[in-house]
Amino acid sequence: MKVIYPGSFDPLTYGHLDIIKRLNGMFDEVIVAILINEEKKSLFSLDEREEMIREELREHKLDNVTIKSFDGLMVNFAKKENCKVIARGLRAVADYEYEKNIARINSSLYEGLETIFLLANSNYSFISSSGVKEVASFKGDISPFVSKNVENRIREKYNY
């Protein structure tokens, strides 16, 4: 069975990596699906995000995880991949309320599509990509939130 784990991953955080590792242990195939959203100003290009994720997959020996990108509706990507399971990480109650509604919309657009929710590890439940970027923009210490590889790339972007 395979699962899609969608997100912008701009940048990949320890929270994302924790979810990927856990999915890797539960499913035969995990697709990390990077959303291409032209409306959103990304810190990293699609190629840079793919490379950061690829490096982490190699380092953690997550061989049944692939990286793909998509634009438009998640359900169309899921149909194209012939996948009926989407995974989402939840950090807080507010995430659940938002994700629950999206899951209902998605299942109405693609019959049989299920969304599973994984609770964030309490060590990472406060980490968000936007929070990491904000700390980095002020040249703060982001090492508790991202791998050394990702940290180095962020430091390059913010020149520190």
# chains A, B, ... in the order shown; residues from 1 in each chain; ligands from 1
$ residues_around --residues "Gly25 (chain A)" --least-positions-apart "3" --cutoff "12 Å" --atoms "only C-alpha atoms" --output "MDAnalysis selection string"
chainID A and resid 1:3 18:22 28:30 61:65
$ residues_around --residues "Leu17 (chain A)" --least-positions-apart "3" --cutoff "10 Å" --atoms "only C-alpha atoms" --output "number ranges by chain"
A: 9, 12-14, 20-23, 53, 56-57, 60, 146-147
$ write_last_selection --atoms "C-alpha atoms" --output "PDB file, in the first residue's frame"
ATOM      1  CA  PHE A   9       8.560  21.572   2.518  1.00  0.00           C
ATOM      2  CA  LEU A  12      12.037  20.509   5.370  1.00  0.00           C
ATOM      3  CA  THR A  13      11.940  20.483   9.182  1.00  0.00           C
ATOM      4  CA  TYR A  14      12.559  17.812  11.793  1.00  0.00           C
ATOM      5  CA  ILE A  20       8.246  10.684   6.718  1.00  0.00           C
ATOM      6  CA  LYS A  21      10.154   8.179   8.882  1.00  0.00           C
ATOM      7  CA  ARG A  22       6.974   7.034  10.592  1.00  0.00           C
ATOM      8  CA  LEU A  23       5.133   6.641   7.291  1.00  0.00           C
ATOM      9  CA  ILE A  53      14.710  15.968   0.923  1.00  0.00           C
ATOM     10  CA  GLU A  56      17.788  13.367   4.154  1.00  0.00           C
ATOM     11  CA  LEU A  57      16.297  10.231   2.599  1.00  0.00           C
ATOM     12  CA  HIS A  60      18.276   8.002   6.970  1.00  0.00           C
ATOM     13  CA  VAL A 146      16.237  21.444  10.947  1.00  0.00           C
ATOM     14  CA  SER A 147      19.063  19.102   9.980  1.00  0.00           C
TER      15      SER A 147
END
$ atom_distance --atom1 "CA of Lys100 (chain A)" --atom2 "CA of Leu35 (chain A)"
18.9 Å
$ residues_around --residues "Ile31 (chain A)" --least-positions-apart "4" --cutoff "7 Å" --atoms "only C-alpha atoms" --output "list of chain:residue names"
A:Val3, A:Ile4, A:Tyr5, A:Val65, A:Thr66, A:Ile67, A:Lys68
$ write_last_selection --atoms "C-alpha atoms" --output "compact mmCIF listing (two decimals), in the first residue's frame"
# COMPACT_ATOMS: atom_id res chain seq x y z
CA VAL A 3 0.65 6.89 0.81
CA ILE A 4 1.15 10.47 -0.32
CA TYR A 5 2.58 13.00 2.12
CA VAL A 65 10.30 6.98 -0.20
CA THR A 66 10.11 8.83 -3.51
CA ILE A 67 9.89 12.54 -4.19
CA LYS A 68 7.48 13.96 -6.73
$ closest_atom_pairs --of "region 103-139 of chain A" --to "region 91-96 of chain A" --cutoff "7 Å" --atoms "only C-alpha atoms" --output "tab-separated table"
residue	atom	partner	partner_atom	distance
A:Leu119	CA	A:Arg91	CA	6.4
A:Ala120	CA	A:Arg91	CA	5.2
A:Ser125	CA	A:Arg91	CA	4.7
A:Phe126	CA	A:Arg91	CA	6.8
$ select_by_dssp --residues "chain A" --states "strand (DSSP E or B)" --output "compact mmCIF listing (two decimals) with N, CA and C atoms, in the first residue's frame"
# COMPACT_ATOMS: atom_id res chain seq x y z
N LYS A 2 0.45 2.27 -0.69
CA LYS A 2 1.24 3.50 -0.72
C LYS A 2 0.45 4.68 -0.17
N VAL A 3 1.21 5.70 0.20
CA VAL A 3 0.65 6.89 0.81
C VAL A 3 1.34 8.11 0.21
N ILE A 4 0.60 9.19 0.12
CA ILE A 4 1.15 10.47 -0.32
C ILE A 4 1.23 11.39 0.89
N TYR A 5 2.39 12.00 1.07
CA TYR A 5 2.58 13.00 2.12
C TYR A 5 2.87 14.33 1.42
N PRO A 6 1.83 15.16 1.25
CA PRO A 6 2.01 16.41 0.51
C PRO A 6 2.41 17.58 1.40
N GLY A 7 3.08 18.55 0.80
CA GLY A 7 3.43 19.77 1.51
C GLY A 7 4.33 20.63 0.65
N GLU A 29 5.16 2.05 0.20
CA GLU A 29 5.68 3.14 -0.63
C GLU A 29 5.17 4.47 -0.07
N VAL A 30 6.07 5.41 0.08
CA VAL A 30 5.73 6.75 0.54
C VAL A 30 6.13 7.73 -0.56
N ILE A 31 5.18 8.56 -0.97
CA ILE A 31 5.47 9.61 -1.94
C ILE A 31 5.45 10.94 -1.20
N VAL A 32 6.60 11.58 -1.13
CA VAL A 32 6.67 12.94 -0.60
C VAL A 32 6.35 13.83 -1.79
N ALA A 33 5.20 14.48 -1.73
CA ALA A 33 4.69 15.27 -2.86
C ALA A 33 4.85 16.75 -2.57
N ILE A 34 5.74 17.39 -3.30
CA ILE A 34 6.01 18.80 -3.09
C ILE A 34 5.03 19.62 -3.91
N LEU A 35 4.28 20.45 -3.23
CA LEU A 35 3.31 21.31 -3.87
C LEU A 35 4.02 22.48 -4.56
N VAL A 65 10.86 5.63 -0.09
CA VAL A 65 10.30 6.98 -0.20
C VAL A 65 10.75 7.60 -1.51
N THR A 66 9.79 8.11 -2.28
CA THR A 66 10.11 8.83 -3.51
C THR A 66 9.65 10.27 -3.37
N ILE A 67 10.23 11.12 -4.19
CA ILE A 67 9.89 12.54 -4.19
C ILE A 67 9.30 12.88 -5.54
N LYS A 68 8.13 13.50 -5.50
CA LYS A 68 7.48 13.96 -6.73
C LYS A 68 6.92 15.35 -6.45
N SER A 69 6.58 16.05 -7.50
CA SER A 69 5.98 17.37 -7.33
C SER A 69 4.66 17.42 -8.07
N PHE A 70 3.83 18.36 -7.65
CA PHE A 70 2.53 18.51 -8.31
C PHE A 70 2.05 19.94 -8.15
N VAL A 85 -4.55 6.99 -0.31
CA VAL A 85 -4.27 7.41 1.06
C VAL A 85 -3.37 8.64 1.04
N ILE A 86 -3.81 9.66 1.77
CA ILE A 86 -3.02 10.88 1.97
C ILE A 86 -2.73 10.97 3.47
N ALA A 87 -1.51 11.34 3.81
CA ALA A 87 -1.15 11.51 5.21
C ALA A 87 -0.88 12.98 5.49
N ARG A 88 -1.32 13.41 6.65
CA ARG A 88 -1.08 14.79 7.10
C ARG A 88 -0.62 14.75 8.55
N GLY A 89 0.31 15.60 8.88
CA GLY A 89 0.77 15.72 10.26
C GLY A 89 -0.03 16.80 10.96
N LEU A 90 -0.34 16.57 12.21
CA LEU A 90 -1.09 17.54 13.01
C LEU A 90 -0.24 18.01 14.18
N GLU A 114 -8.78 8.30 1.35
CA GLU A 114 -8.74 8.45 2.80
C GLU A 114 -7.60 9.39 3.18
N THR A 115 -7.82 10.16 4.21
CA THR A 115 -6.76 10.99 4.78
C THR A 115 -6.50 10.49 6.19
N ILE A 116 -5.23 10.18 6.46
CA ILE A 116 -4.87 9.78 7.81
C ILE A 116 -4.09 10.92 8.45
N PHE A 117 -4.25 11.07 9.74
CA PHE A 117 -3.58 12.13 10.49
C PHE A 117 -2.61 11.50 11.48
N LEU A 118 -1.39 12.01 11.46
CA LEU A 118 -0.40 11.59 12.44
C LEU A 118 -0.12 12.76 13.37
N LEU A 119 -0.21 12.51 14.66
CA LEU A 119 0.10 13.56 15.62
C LEU A 119 1.59 13.82 15.60
$ closest_residue --among "A:Phe27, A:Tyr98, A:Leu43, A:Tyr110" --to "Ala136 (chain A)" --atoms "only C-alpha atoms"
A:Leu43
$ atom_distance --atom1 "CA of Asn159 (chain A)" --atom2 "CA of Ser130 (chain A)"
17.8 Å
$ closest_residue --among "A:Leu113, A:Val75, A:Ile154, A:Asn24" --to "Glu134 (chain A)" --atoms "only C-alpha atoms"
A:Ile154
$ select_by_dssp --residues "chain A" --states "alpha helix (DSSP H)" --output "ChimeraX atom specification"
/A:14-26,46-59,74-80,93-109,129-137,148-158
$ residues_around --residues "Lys148 (chain A)" --least-positions-apart "3" --cutoff "12 Å" --atoms "only C-alpha atoms" --output "JSON list (two decimals) with N, CA, C and O atoms, in the first residue's frame"
[["chain", "number", "residue", "atom", "x", "y", "z"],
["A", 12, "LEU", "N", 12.30, 21.75, 4.66],
["A", 12, "LEU", "CA", 12.04, 20.51, 5.37],
["A", 12, "LEU", "C", 12.49, 20.68, 6.82],
["A", 12, "LEU", "O", 13.61, 21.10, 7.08],
["A", 13, "THR", "N", 11.61, 20.36, 7.76],
["A", 13, "THR", "CA", 11.94, 20.48, 9.18],
["A", 13, "THR", "C", 12.07, 19.10, 9.81],
["A", 13, "THR", "O", 11.71, 18.08, 9.19],
["A", 14, "TYR", "N", 12.52, 19.08, 11.06],
["A", 14, "TYR", "CA", 12.56, 17.81, 11.79],
["A", 14, "TYR", "C", 11.15, 17.22, 11.94],
["A", 14, "TYR", "O", 10.99, 16.01, 11.97],
["A", 52, "MET", "N", 17.23, 18.80, -0.95],
["A", 52, "MET", "CA", 17.30, 18.72, 0.52],
["A", 52, "MET", "C", 16.62, 17.45, 1.03],
["A", 52, "MET", "O", 17.15, 16.77, 1.90],
["A", 55, "GLU", "N", 18.67, 14.30, 0.13],
["A", 55, "GLU", "CA", 19.82, 14.12, 1.02],
["A", 55, "GLU", "C", 19.40, 13.49, 2.35],
["A", 55, "GLU", "O", 20.09, 12.62, 2.87],
["A", 56, "GLU", "N", 18.27, 13.93, 2.89],
["A", 56, "GLU", "CA", 17.79, 13.37, 4.15],
["A", 56, "GLU", "C", 17.35, 11.92, 3.98],
["A", 56, "GLU", "O", 17.60, 11.08, 4.86],
["A", 59, "GLU", "N", 20.51, 9.86, 3.90],
["A", 59, "GLU", "CA", 21.14, 9.81, 5.22],
["A", 59, "GLU", "C", 20.41, 8.86, 6.15],
["A", 59, "GLU", "O", 21.01, 8.14, 6.94],
["A", 141, "ASP", "N", 19.31, 30.98, 15.87],
["A", 141, "ASP", "CA", 19.74, 29.58, 15.87],
["A", 141, "ASP", "C", 18.58, 28.68, 15.44],
["A", 141, "ASP", "O", 17.59, 28.54, 16.16],
["A", 142, "ILE", "N", 18.71, 28.07, 14.28],
["A", 142, "ILE", "CA", 17.66, 27.18, 13.77],
["A", 142, "ILE", "C", 18.05, 25.71, 13.89],
["A", 142, "ILE", "O", 17.29, 24.83, 13.48],
["A", 143, "SER", "N", 19.19, 25.43, 14.50],
["A", 143, "SER", "CA", 19.67, 24.05, 14.60],
["A", 143, "SER", "C", 18.72, 23.10, 15.34],
["A", 143, "SER", "O", 18.70, 21.92, 15.02],
["A", 144, "PRO", "N", 17.90, 23.58, 16.29],
["A", 144, "PRO", "CA", 16.97, 22.64, 16.93],
["A", 144, "PRO", "C", 15.79, 22.23, 16.03],
["A", 144, "PRO", "O", 15.04, 21.32, 16.37],
["A", 145, "PHE", "N", 15.64, 22.89, 14.89],
["A", 145, "PHE", "CA", 14.44, 22.70, 14.07],
["A", 145, "PHE", "C", 14.68, 21.98, 12.75],
["A", 145, "PHE", "O", 13.74, 21.43, 12.17],
["A", 151, "GLU", "N", 20.00, 23.44, 7.53],
["A", 151, "GLU", "CA", 20.48, 24.64, 8.20],
["A", 151, "GLU", "C", 21.50, 25.38, 7.34],
["A", 151, "GLU", "O", 21.42, 26.60, 7.18],
["A", 152, "ASN", "N", 22.45, 24.64, 6.78],
["A", 152, "ASN", "CA", 23.48, 25.26, 5.94],
["A", 152, "ASN", "C", 22.87, 25.95, 4.72],
["A", 152, "ASN", "O", 23.28, 27.05, 4.34],
["A", 153, "ARG", "N", 21.88, 25.33, 4.13],
["A", 153, "ARG", "CA", 21.22, 25.94, 2.96],
["A", 153, "ARG", "C", 20.45, 27.20, 3.34],
["A", 153, "ARG", "O", 20.43, 28.17, 2.59],
["A", 154, "ILE", "N", 19.80, 27.16, 4.49],
["A", 154, "ILE", "CA", 19.07, 28.35, 4.95],
["A", 154, "ILE", "C", 20.05, 29.48, 5.26],
["A", 154, "ILE", "O", 19.80, 30.63, 4.89],
["A", 155, "ARG", "N", 21.14, 29.15, 5.91],
["A", 155, "ARG", "CA", 22.15, 30.17, 6.23],
["A", 155, "ARG", "C", 22.68, 30.83, 4.95],
["A", 155, "ARG", "O", 22.92, 32.04, 4.93]]
$ atom_distance --atom1 "CA of His16 (chain A)" --atom2 "CA of Ser42 (chain A)"
16.8 Å
$ closest_residue --among "A:Leu73, A:Ala78, A:Tyr158, A:Asn123" --to "Val135 (chain A)" --atoms "only C-alpha atoms"
A:Tyr158
